[in-house]
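Undergrad: My structure is below; once you've seen it, I'll send some questions.
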Amino acid sequence: MRNDSASLSRWEEPQPAGPNPDVQELIRNSAFEIIPLNSASGAIDALPPKSRVSITASAAKGQAATLELAEELVIRGHHAIPHFSARLIRDRGQVKDLAAWAKYVGVTTAFVIGGDATEPGPYHDAHTFMQDLFEHDHGLDTVGVAAYPDGHPLIGEDERRHALFAKQDLLAEAGLRGYCSTQMCFDPAQIIAWLKAERGDGLTLPVHLGIPGAVERAKLLTIGARLGVGQSLRYLHKNRRSMAKLLGSSAHDPSELLEALSSQLTPLSISGLHIFTFNQVETTATWRHALLHS
């Protein structure tokens, strides 16, 4: 029989230690984002046990692919957080089916986005979809919504801010816990300025900071440009130190961004991480594990 130390998983997490316990707690409360692609199987195999896993939804793969992957994650003991993409939903009947699916599978957290489908059905944005979803017995206790420190390429600033606060109000009316998860932003000053302004205007939702994981730099730069985070990519070009580190290694290291934000995590209620892995989970999980041991 193996002794206790030999049977411990390599991903077993230690108690918080080191000079930045706030950063370590943030890392501990993180979710790995996985995309429903052929590479998803390997990504799931690389997850630490009982991980929080956010599963994307896209027009290319459809909503069903997200649900299938979420079911597999639940079966394997993870906490699945499926994305519900409003613009992919065809009618009110499908909303009812989604609610029933969530309760049956045991999904308690969902992330609701407007989505990128160019020819939407009756739901053009997350708010209108959420209104109908909350009319059903869905079994959810927590719903996440999107936030954009770097702006959104297709949504004006006034419209974006109004939408975020409208969703916050809707969650409160429904008696659900909520949070907002941010799109990637590499500029700590931009993140702080954006969130201070939002808090000043009445944003009370906890924030889960969206960061790229320890992923290949070429993939990060390519996908980052496609996601519309050009302003943050320009920040990297202006910040020679950050750009040199990115180009001087095979993988991005998000540690520097977290350290730069460490003093603001508690004051601004940044309580978790949403880690964009692009399905490169193994390197990201190794980075996370190392920081928890530092």
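Going by the structure tokens order, chains are called A, B, ..., each with residues numbered from 1, while ligands are numbered from 1 in the order shown.
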Residues of stretch 65-189 of chain A classed as helix (DSSP H, G or I) by DSSP on the backbone are to be reported as a ChimeraX atom specification.

TA: /A:65-75,86-88,92-105,126-133,157-174,188-189

Undergrad: Would you save the residues of that selection, restricted to C-alpha atoms, as a compact mmCIF listing (two decimals), in the first residue's frame?

TA:
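And here's out_11.txt as it stands now:
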```
# COMPACT_ATOMS: atom_id res chain seq x y z
CA ALA A 65 -21.11 21.79 -27.55
CA THR A 66 -20.81 23.86 -24.38
CA LEU A 67 -23.44 21.82 -22.57
CA GLU A 68 -21.87 18.51 -23.59
CA LEU A 69 -18.49 19.57 -22.27
CA ALA A 70 -20.04 20.89 -19.05
CA GLU A 71 -21.72 17.52 -18.46
CA GLU A 72 -18.41 15.71 -18.89
CA LEU A 73 -16.72 18.05 -16.42
CA VAL A 74 -19.45 17.52 -13.81
CA ILE A 75 -19.14 13.73 -14.21
CA ALA A 86 -27.92 34.91 -25.73
CA ARG A 87 -27.55 35.40 -29.46
CA LEU A 88 -27.33 31.62 -30.00
CA ARG A 92 -38.23 30.90 -25.42
CA GLY A 93 -38.61 27.13 -25.57
CA GLN A 94 -34.84 26.71 -25.68
CA VAL A 95 -34.50 29.01 -22.67
CA LYS A 96 -36.84 26.73 -20.72
CA ASP A 97 -34.83 23.71 -21.85
CA LEU A 98 -31.58 25.34 -20.72
CA ALA A 99 -33.05 26.02 -17.30
CA ALA A 100 -34.22 22.41 -16.98
CA TRP A 101 -30.82 21.16 -18.18
CA ALA A 102 -28.93 23.20 -15.56
CA LYS A 103 -31.08 21.88 -12.73
CA TYR A 104 -30.90 18.28 -13.94
CA VAL A 105 -27.10 18.27 -14.42
CA ALA A 126 -27.54 39.04 -22.21
CA HIS A 127 -30.06 41.12 -20.26
CA THR A 128 -33.13 40.11 -22.26
CA PHE A 129 -32.07 36.46 -22.17
CA MET A 130 -31.53 36.60 -18.39
CA GLN A 131 -35.01 38.04 -17.88
CA ASP A 132 -36.59 34.99 -19.51
CA LEU A 133 -34.17 32.50 -17.94
CA GLU A 157 -19.02 53.07 -23.70
CA ASP A 158 -22.38 54.44 -22.53
CA GLU A 159 -24.25 51.38 -23.76
CA ARG A 160 -21.71 49.05 -22.15
CA ARG A 161 -21.95 50.75 -18.75
CA HIS A 162 -25.74 50.82 -18.84
CA ALA A 163 -25.86 47.11 -19.69
CA LEU A 164 -23.57 46.14 -16.80
CA PHE A 165 -25.63 48.02 -14.22
CA ALA A 166 -28.90 46.73 -15.67
CA LYS A 167 -27.65 43.16 -15.26
CA GLN A 168 -26.54 43.88 -11.71
CA ASP A 169 -30.06 45.13 -10.89
CA LEU A 170 -31.64 42.11 -12.54
CA LEU A 171 -29.53 39.69 -10.50
CA ALA A 172 -30.49 41.47 -7.29
CA GLU A 173 -34.19 41.33 -8.20
CA ALA A 174 -33.87 37.60 -8.89
CA PRO A 188 -2.85 47.41 -14.37
CA ALA A 189 -3.42 51.19 -14.35
```

Undergrad: Within 9 Å of A:Arg288, counting only C-alpha atoms, which residues qualify if same-chain residues fewer than 6 places away don't, as a list in words?

TA: Ile27, Arg28, Gly213 and Ala214 of chain A

Undergrad: Choose the residue, out of A:Ala147, A:Ala31, A:Cys185, A:Cys180, that has the smallest atom-to-atom separation from A:Val207; count only C-alpha atoms.

TA: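 Result for the nearest residue to A:Val207: A:Cys180.
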
Undergrad: If you run DSSP on this backbone, which residues of stretch 69-189 of chain A come out as strand (DSSP E or B), and could you give them as a PyMOL selection string?

TA: chain A and resi 79-85+109-113+142-147+152+155+177-182

Undergrad: Nearest residue to A:Ala57 out of A:Gly114, A:Gly77, A:Gly106, A:Gly42, using only C-alpha atoms?

TA: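 Ranking A:Gly114, A:Gly77, A:Gly106, A:Gly42 by distance to A:Ala57, first place goes to A:Gly114.
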
Undergrad: Nearest residue to A:Arg177 out of A:Ser58, A:Thr109, A:Arg217, A:Thr284, using only C-alpha atoms?

TA: A:Thr109

Undergrad: Between A:Leu220, A:Leu209, A:Ala290, A:Ala197, which residue has the minimum interatomic distance to A:Ala146, considering only C-alpha atoms?

TA: A:Leu209

Undergrad: Go through A:Ser85, A:Thr142, A:Ser269, A:Ser262 one by one, measure the shortest atom-to-atom distance of each to A:Val107 using only C-alpha atoms, and give the residue with the smallest value.

TA: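 Once distances to A:Val107 are computed over only C-alpha atoms, the minimum belongs to A:Thr142.
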
Undergrad: Pick from A:Pro48, A:Gly178, A:Pro206, A:Gly272: nearest to A:Trp287, with only C-alpha atoms counted?

TA: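 Checking each of A:Pro48, A:Gly178, A:Pro206, A:Gly272 against A:Trp287, counting only C-alpha atoms, the winner is A:Pro48.
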
Undergrad: Residues within 12 Å of A:Ile275, please, as an NGL selection string. Count only C-alpha atoms; anything in the same chain fewer than 4 positions from it doesn't count.

TA: :A and (26-35 or 51-55 or 181-185 or 208-215 or 253-254 or 279-281 or 283-285 or 287-288)

Undergrad: What gap, in Å, lies between atom CA of A:Ser255 and atom CA of A:Phe276?

TA: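 We find that atom CA of A:Ser255 and atom CA of A:Phe276 lie 14.1 Å from each other.
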